[in-house]
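Notes to accompany the following structure.
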Amino acid sequence: MEQEPLQGGGDAVAYLSEIVAGRRRRVAAEGAELGEPVPGSRRQPLVPLVPWAGESDGGAGAPLLICEIKRRSPSRGAIAPGLDAVGQARRYAAAGVRAVSVLTEPDHFGGALADLIAVKEACPHLSVLRKDFLLDERDLEVSYRAGADAVLLLAACLSTDELDRLYRRALALGMTPLVEVHDDADLAKARAVRPLLTGINSRDLTTFAVDTTLPARLRPAVDWPTRLLFESGIHCAEDAAFARSAGFDGVLVGEAVVRRPELVAELHAVLSADRIAGAGAATGAGTAASACGAERAPGAPIAGGAPAVDGAGAVDGAGAATEVGAATEVGVAAEVGAAAEVGAATEVGAATEVGAAAGTGGAATGTGGAAGARMAADTDQPAGVGSAAVPTGAVAAAGVAAVATAGTATGADAALGAGTSAPKRGLFWARVFAARHRLAGSGRPMVKVCGISNRADAELAVELGADLLGFILAPAPRRARPEAIRALADLPVLKVGVVVNDVSEALPLLRDGCLDALQLHGDEQPGECYEIAFPYYKALRVGAPAGLDAEGAYRCPRVLLDAYSPAARGGTGVRVADDLLARRAAGEGVRPLWLAGGMGPDNVAAVIRTHAPELIDASSRLEAEPGRKDHAKLRAFFQAVEAAGAATNTTGRTV
């Protein structure tokens, strides 16, 4: 886990409470404007935070990159104390960024409402998110007048009722509310509101540490139609690739792009890619990978995976439909705002006279739009508050509604295509964590059956409950032919190509979606893996305590531990020694255990009981001969796995 020390010490939860309490004191003394000369009415048109379908960048299906203007933070201290907000916003815009986040909290983040006002006036074409600890409706109205197009609503700081009220009010004003969650308690609040845009933050507010697997672990519990934003912990292109592969539609990046502006282009390349299988040439991965190595100490997690979007605008995992822009592109808001389940969208979308030129960002359409109408009703201001272009904000809010309502799948497995004959491509880590979520509390680990080379074995493994199939693409008795792997692409299970230093056969299969990830089982060094391919995870052969030390240097979310043998790389039937696994488990910050080597029907139950692995990988001890499974052994193996899981669950231990 990547640890970021809390400056000044103290308990993080108490510290968060202190920030909120301090803000309440400021508001009581200075008003919601915090002593700033906020305009009495909005001067700039609202610009949608969520891209529109039909635009040149792919529209509603396009990934979202929000870059932050940030001078300091409680966890990292000073970042850029003299940062010029307008200059930074212009640098982002020049790099192709369309949305910026402006921190306006003064005491702990060095921000100011004046920054937001100045950025919006200098860059009216940008969508500007106000990031602060907003607590009541006055904060939202000030945000609107200051020029915010979107506002952050931090679930950790609000009750469910407060969150719902502020969410509705933000929509009524025409702004996009981004609801940020950090844990299960936050998710419960958000689920009651069903926000159209949800951010999951990698930062644990109980420790102020960053764990970049946290959003991926929480994501399967998001069971309402929404677009998902990955927040915090993005330091390089590989991190953004992991976010995409984990099923997120976009990322919010702060410190990293402030410190290293050239990162913006790298992130944009990754987030805009349809599918990346050999990373280096497509995304400048060599630069990104080395930057990642420089940003984090060895052993810090952890991001790996591949960005992928099926088609020009499909939003894998978040459930957004690509057809949403058909109405909004031509400015017809009637079809867009009718979604009742968006909570407050009925207030915004019910006013269908928003008119033409939605998404133009500045077209004057009159003052009869939903935002103006609702603002008049709710704030005693005239319907024409702000400029004549303000009603585009109503279309903006309606557009957010449309993104989440035009045909979504609810539930992680449904959204990821699980159980269908055509699972979603490119979402390896999303589907891994969905399987993990599905099995949580059952005591049963995920199961990878490796050494598959024919359809009969593959189909039986899937029928018995395999979560992943492994195909050897290296010189070995159980090597799979590429054409055989292509013939199995229809099976609704994750498929992993096992490679040893040579990926020439595997990369075309990965690019074409016949494989979902590569298992790098060779001599790949930590800084090389991202350049070779992704999604990927590293396999390490462990025969001594020193071998365990190498695990922490790899950035992928999981590392597979296999037994060391001088005779072969895997498939030896040898187990990793129990004392080595016990030594590893006693360490701090270790990843959940992925374990291969020497497991069969006779010993897998003991492995599960003793080591509680998250994933087990079995191959040679399930064979009749190399490359062909013994179906009786395969059935007995899964029976033992299920029985061990049930027994483990009964005793209260969970995987």
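Scheme for the structure tokens: letters A, B, ... for chains in order shown; per-chain residue numbers from 1; ligand numbers from 1 in order shown.
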Near-A:Ser143 list (12 Å; only C-alpha atoms; drop same-chain fewer than 2 positions) as a short mmCIF file (atom, residue, chain, number, x, y, z; two decimals) with N, CA and C atoms, in the first residue's frame:
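Result file around-v3.cif:
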data_model
loop_
_atom_site.label_atom_id
_atom_site.label_comp_id
_atom_site.auth_asym_id
_atom_site.auth_seq_id
_atom_site.Cartn_x
_atom_site.Cartn_y
_atom_site.Cartn_z
N ALA A 32 -20.88 32.30 3.31
CA ALA A 32 -20.57 31.22 2.37
C ALA A 32 -19.58 31.66 1.31
N GLU A 33 -19.45 32.98 1.11
CA GLU A 33 -18.47 33.50 0.15
C GLU A 33 -17.05 33.48 0.70
N LEU A 34 -16.89 33.16 1.99
CA LEU A 34 -15.58 33.11 2.64
C LEU A 34 -14.80 34.41 2.50
N GLU A 36 -14.77 36.38 0.03
CA GLU A 36 -14.35 36.66 -1.34
C GLU A 36 -15.42 37.50 -2.06
N VAL A 38 -17.51 37.43 -4.53
CA VAL A 38 -18.18 36.56 -5.50
C VAL A 38 -19.23 37.38 -6.25
N PRO A 39 -19.30 37.25 -7.56
CA PRO A 39 -20.32 37.99 -8.32
C PRO A 39 -21.72 37.72 -7.81
N GLY A 40 -22.59 38.71 -7.96
CA GLY A 40 -23.97 38.55 -7.52
C GLY A 40 -24.78 37.65 -8.42
N SER A 41 -24.33 37.45 -9.66
CA SER A 41 -24.99 36.53 -10.58
C SER A 41 -23.93 35.86 -11.43
N ARG A 42 -24.26 34.76 -12.01
CA ARG A 42 -23.30 34.01 -12.82
C ARG A 42 -22.98 34.77 -14.11
N LEU A 46 -22.68 27.63 -18.35
CA LEU A 46 -22.34 26.34 -17.79
C LEU A 46 -21.83 25.42 -18.89
N VAL A 102 -10.79 22.81 -9.20
CA VAL A 102 -10.14 23.90 -8.48
C VAL A 102 -10.42 23.72 -6.99
N LEU A 103 -9.37 23.50 -6.21
CA LEU A 103 -9.50 23.40 -4.77
C LEU A 103 -9.68 24.81 -4.21
N THR A 104 -10.76 25.01 -3.49
CA THR A 104 -11.04 26.35 -2.96
C THR A 104 -10.93 26.42 -1.44
N ALA A 112 -8.70 29.05 -2.98
CA ALA A 112 -9.54 30.23 -2.78
C ALA A 112 -10.63 30.25 -3.84
N LEU A 113 -11.77 30.78 -3.46
CA LEU A 113 -12.84 30.98 -4.45
C LEU A 113 -12.37 31.90 -5.57
N ALA A 114 -11.47 32.82 -5.25
CA ALA A 114 -10.94 33.71 -6.28
C ALA A 114 -10.27 32.92 -7.40
N ASP A 115 -9.65 31.77 -7.07
CA ASP A 115 -9.05 30.93 -8.10
C ASP A 115 -10.10 30.44 -9.08
N LEU A 116 -11.20 29.96 -8.52
CA LEU A 116 -12.26 29.42 -9.37
C LEU A 116 -12.84 30.51 -10.27
N ILE A 117 -13.11 31.66 -9.69
CA ILE A 117 -13.67 32.78 -10.47
C ILE A 117 -12.72 33.16 -11.60
N LYS A 120 -12.51 30.40 -14.40
CA LYS A 120 -13.70 30.34 -15.27
C LYS A 120 -13.76 31.55 -16.19
N VAL A 128 -15.49 23.52 -15.04
CA VAL A 128 -14.76 23.76 -13.80
C VAL A 128 -15.50 23.12 -12.63
N LEU A 129 -14.81 22.23 -11.94
CA LEU A 129 -15.33 21.56 -10.75
C LEU A 129 -14.83 22.27 -9.51
N ARG A 130 -15.74 22.66 -8.62
CA ARG A 130 -15.32 23.20 -7.34
C ARG A 130 -15.11 22.05 -6.37
N LYS A 131 -13.89 21.94 -5.86
CA LYS A 131 -13.57 20.88 -4.90
C LYS A 131 -13.35 21.53 -3.54
N ASP A 132 -14.24 21.21 -2.62
CA ASP A 132 -14.19 21.79 -1.28
C ASP A 132 -15.08 20.94 -0.39
N PHE A 133 -15.16 21.31 0.85
CA PHE A 133 -16.00 20.60 1.81
C PHE A 133 -17.34 21.33 1.88
N LEU A 134 -18.16 21.11 0.88
CA LEU A 134 -19.42 21.83 0.76
C LEU A 134 -20.46 21.19 1.67
N LEU A 135 -21.17 22.02 2.42
CA LEU A 135 -22.00 21.50 3.50
C LEU A 135 -23.47 21.87 3.41
N ASP A 136 -23.82 22.93 2.67
CA ASP A 136 -25.24 23.29 2.61
C ASP A 136 -25.53 23.99 1.29
N GLU A 137 -26.82 24.36 1.11
CA GLU A 137 -27.27 24.94 -0.16
C GLU A 137 -26.60 26.27 -0.46
N ARG A 138 -26.25 27.02 0.59
CA ARG A 138 -25.57 28.29 0.34
C ARG A 138 -24.25 28.08 -0.37
N ASP A 139 -23.54 27.01 -0.01
CA ASP A 139 -22.29 26.69 -0.68
C ASP A 139 -22.51 26.45 -2.18
N LEU A 140 -23.60 25.79 -2.51
CA LEU A 140 -23.87 25.50 -3.91
C LEU A 140 -24.22 26.76 -4.68
N GLU A 141 -25.01 27.63 -4.07
CA GLU A 141 -25.40 28.85 -4.77
C GLU A 141 -24.20 29.77 -4.99
N ARG A 145 -22.62 30.97 -8.66
CA ARG A 145 -22.33 32.36 -9.01
C ARG A 145 -20.85 32.58 -9.30
N ALA A 146 -19.99 31.81 -8.63
CA ALA A 146 -18.56 31.95 -8.84
C ALA A 146 -18.10 31.37 -10.17
N GLY A 147 -18.95 30.55 -10.79
CA GLY A 147 -18.61 29.99 -12.10
C GLY A 147 -18.43 28.50 -12.14
N ALA A 148 -18.71 27.80 -11.05
CA ALA A 148 -18.54 26.35 -11.06
C ALA A 148 -19.56 25.70 -11.99
N ASP A 149 -19.09 24.76 -12.77
CA ASP A 149 -19.98 23.95 -13.61
C ASP A 149 -20.34 22.65 -12.91
N ALA A 150 -19.55 22.29 -11.92
CA ALA A 150 -19.74 21.05 -11.18
C ALA A 150 -19.26 21.26 -9.75
N VAL A 151 -19.76 20.45 -8.85
CA VAL A 151 -19.37 20.55 -7.45
C VAL A 151 -19.10 19.16 -6.90
N LEU A 152 -18.12 19.09 -6.01
CA LEU A 152 -17.83 17.84 -5.32
C LEU A 152 -18.69 17.75 -4.07
N ARG A 169 -30.18 19.90 -5.23
CA ARG A 169 -30.03 21.35 -5.42
C ARG A 169 -29.01 21.67 -6.51
N ALA A 170 -27.90 20.92 -6.52
CA ALA A 170 -26.89 21.13 -7.56
C ALA A 170 -27.48 20.90 -8.94
N LEU A 173 -29.67 23.70 -10.06
CA LEU A 173 -28.92 24.87 -10.52
C LEU A 173 -28.25 24.63 -11.87
N GLY A 174 -28.32 23.41 -12.37
CA GLY A 174 -27.71 23.11 -13.65
C GLY A 174 -26.29 22.61 -13.56
N MET A 175 -25.77 22.47 -12.34
CA MET A 175 -24.40 21.99 -12.17
C MET A 175 -24.37 20.47 -12.09
N THR A 176 -23.21 19.91 -12.39
CA THR A 176 -23.00 18.47 -12.27
C THR A 176 -22.51 18.15 -10.86
N PRO A 177 -23.25 17.37 -10.09
CA PRO A 177 -22.74 16.95 -8.78
C PRO A 177 -21.91 15.68 -8.90
#
If you run DSSP on the backbone, which residues of stretch 473-570 of chain A are helix (DSSP H, G or I), as an mmCIF file with N, CA and C atoms, in the first residue's frame?
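The result, written out as part_4.cif:
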data_model
loop_
_atom_site.group_PDB
_atom_site.id
_atom_site.type_symbol
_atom_site.label_atom_id
_atom_site.label_comp_id
_atom_site.auth_asym_id
_atom_site.auth_seq_id
_atom_site.Cartn_x
_atom_site.Cartn_y
_atom_site.Cartn_z
ATOM 1 N N PRO A 482 -1.947 -20.854 -30.807
ATOM 2 C CA PRO A 482 -2.725 -19.614 -30.905
ATOM 3 C C PRO A 482 -4.086 -19.816 -31.554
ATOM 4 N N GLU A 483 -4.159 -20.657 -32.592
ATOM 5 C CA GLU A 483 -5.456 -20.868 -33.244
ATOM 6 C C GLU A 483 -6.449 -21.558 -32.309
ATOM 7 N N ALA A 484 -5.960 -22.388 -31.398
ATOM 8 C CA ALA A 484 -6.846 -23.025 -30.421
ATOM 9 C C ALA A 484 -7.374 -22.000 -29.429
ATOM 10 N N ILE A 485 -6.525 -21.055 -29.050
ATOM 11 C CA ILE A 485 -6.970 -20.001 -28.135
ATOM 12 C C ILE A 485 -8.030 -19.139 -28.811
ATOM 13 N N ARG A 486 -7.800 -18.795 -30.077
ATOM 14 C CA ARG A 486 -8.802 -17.996 -30.799
ATOM 15 C C ARG A 486 -10.137 -18.719 -30.876
ATOM 16 N N ALA A 487 -10.092 -20.025 -31.016
ATOM 17 C CA ALA A 487 -11.330 -20.800 -31.118
ATOM 18 C C ALA A 487 -12.106 -20.830 -29.812
ATOM 19 N N ALA A 506 1.618 -13.769 -28.098
ATOM 20 C CA ALA A 506 0.545 -13.385 -27.177
ATOM 21 C C ALA A 506 -0.067 -12.033 -27.507
ATOM 22 N N LEU A 507 0.750 -11.080 -27.962
ATOM 23 C CA LEU A 507 0.229 -9.726 -28.162
ATOM 24 C C LEU A 507 -0.918 -9.664 -29.173
ATOM 25 N N PRO A 508 -0.843 -10.332 -30.314
ATOM 26 C CA PRO A 508 -1.998 -10.297 -31.218
ATOM 27 C C PRO A 508 -3.266 -10.866 -30.589
ATOM 28 N N LEU A 509 -3.118 -11.897 -29.791
ATOM 29 C CA LEU A 509 -4.279 -12.483 -29.111
ATOM 30 C C LEU A 509 -4.847 -11.517 -28.077
ATOM 31 N N LEU A 510 -3.973 -10.785 -27.410
ATOM 32 C CA LEU A 510 -4.424 -9.803 -26.425
ATOM 33 C C LEU A 510 -5.123 -8.642 -27.121
ATOM 34 N N ARG A 511 -4.532 -8.155 -28.205
ATOM 35 C CA ARG A 511 -5.139 -7.042 -28.938
ATOM 36 C C ARG A 511 -6.510 -7.408 -29.489
ATOM 37 N N CYS A 529 7.524 -4.193 -17.139
ATOM 38 C CA CYS A 529 6.284 -4.934 -17.387
ATOM 39 C C CYS A 529 5.259 -4.109 -18.164
ATOM 40 N N TYR A 530 5.090 -2.864 -17.772
ATOM 41 C CA TYR A 530 4.092 -2.019 -18.425
ATOM 42 C C TYR A 530 4.416 -1.821 -19.901
ATOM 43 N N GLU A 531 5.712 -1.768 -20.231
ATOM 44 C CA GLU A 531 6.108 -1.594 -21.618
ATOM 45 C C GLU A 531 5.853 -2.850 -22.435
ATOM 46 N N ILE A 532 5.809 -3.981 -21.788
ATOM 47 C CA ILE A 532 5.662 -5.244 -22.505
ATOM 48 C C ILE A 532 4.220 -5.461 -22.933
ATOM 49 N N PRO A 545 13.486 -16.947 1.178
ATOM 50 C CA PRO A 545 12.927 -15.671 1.644
ATOM 51 C C PRO A 545 13.291 -14.491 0.755
ATOM 52 N N ALA A 546 14.461 -14.506 0.143
ATOM 53 C CA ALA A 546 14.852 -13.386 -0.718
ATOM 54 C C ALA A 546 13.905 -13.237 -1.892
ATOM 55 N N GLY A 547 13.339 -14.354 -2.331
ATOM 56 C CA GLY A 547 12.396 -14.285 -3.445
ATOM 57 C C GLY A 547 11.141 -13.519 -3.101
ATOM 58 N N LEU A 548 10.764 -13.564 -1.826
ATOM 59 C CA LEU A 548 9.577 -12.829 -1.397
ATOM 60 C C LEU A 548 9.799 -11.327 -1.469
ATOM 61 N N ASP A 549 11.031 -10.899 -1.250
ATOM 62 C CA ASP A 549 11.321 -9.468 -1.230
ATOM 63 C C ASP A 549 11.073 -8.819 -2.584
ATOM 64 N N ALA A 550 11.211 -9.585 -3.650
ATOM 65 C CA ALA A 550 11.048 -9.022 -4.989
ATOM 66 C C ALA A 550 9.596 -8.669 -5.284
ATOM 67 N N GLU A 551 8.658 -9.298 -4.587
ATOM 68 C CA GLU A 551 7.241 -9.101 -4.898
ATOM 69 C C GLU A 551 6.832 -7.642 -4.807
ATOM 70 N N GLY A 552 7.298 -6.958 -3.782
ATOM 71 C CA GLY A 552 6.841 -5.597 -3.547
ATOM 72 C C GLY A 552 7.276 -4.594 -4.581
ATOM 73 N N ALA A 553 8.255 -4.921 -5.392
ATOM 74 C CA ALA A 553 8.753 -3.972 -6.386
ATOM 75 C C ALA A 553 7.844 -3.873 -7.602
#
> Which is closer to A:Leu65 than all the others in A:Gly527, A:Gly589, A:Gly254, A:Gly645, using only C-alpha atoms?
Replying inline: A:Gly254
> Counting only C-alpha atoms, which of A:Gln519, A:Ser232, A:Ser565, A:Gln639 gets nearest to A:Tyr536?
Replying inline: A:Gln519
>> I need the strand (DSSP E) residues of stretch 39-238 of chain A per DSSP on the backbone, written as an MDAnalysis selection string.
In response: chainID A and resid 64:69 72:73 77:78 99:103 127:131 150:154 176:181 197:201 227:231
>> Counting only C-alpha atoms, which residue out of A:Ala640, A:Cys67, A:Leu214, A:Leu158 sits closest to A:Ser127?
In response: A:Cys67
> Suppose you want the space between atom CA of A:Ile19 and atom CA of A:Ala155; what is it in Å?
Replying inline: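 A separation of 14.6 Å between them.
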>> Residues near A:Val86, anyone? I mean within 7 Å using only C-alpha atoms, not counting same-chain ones fewer than 4 positions away, as JSON, numbers by chain.
In response: {"A": [90, 118, 119, 122]}
> What is the atom CA of A:Leu561-atom CA of A:Ala606 distance in Å, reported with one decimal?
Replying inline: 17.2 Å
> Taking only C-alpha atoms into account, which of A:Phe637, A:Ala474, A:Arg628, A:Val503 comes nearest A:Asn603?
Replying inline: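 Between A:Phe637, A:Ala474, A:Arg628, A:Val503, the residue approaching A:Asn603 most closely is A:Phe637.
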>> What's around A:Leu178 at 12 Å? Count only C-alpha atoms, leave out sequence neighbours fewer than 3 positions away in its own chain, and write the answer as a VMD selection string.
In response: chain A and resid 49 to 50 66 101 128 to 132 134 149 to 155 163 166 to 168 170 to 171 175 181 190 193 to 201 226 to 231 252 397 400
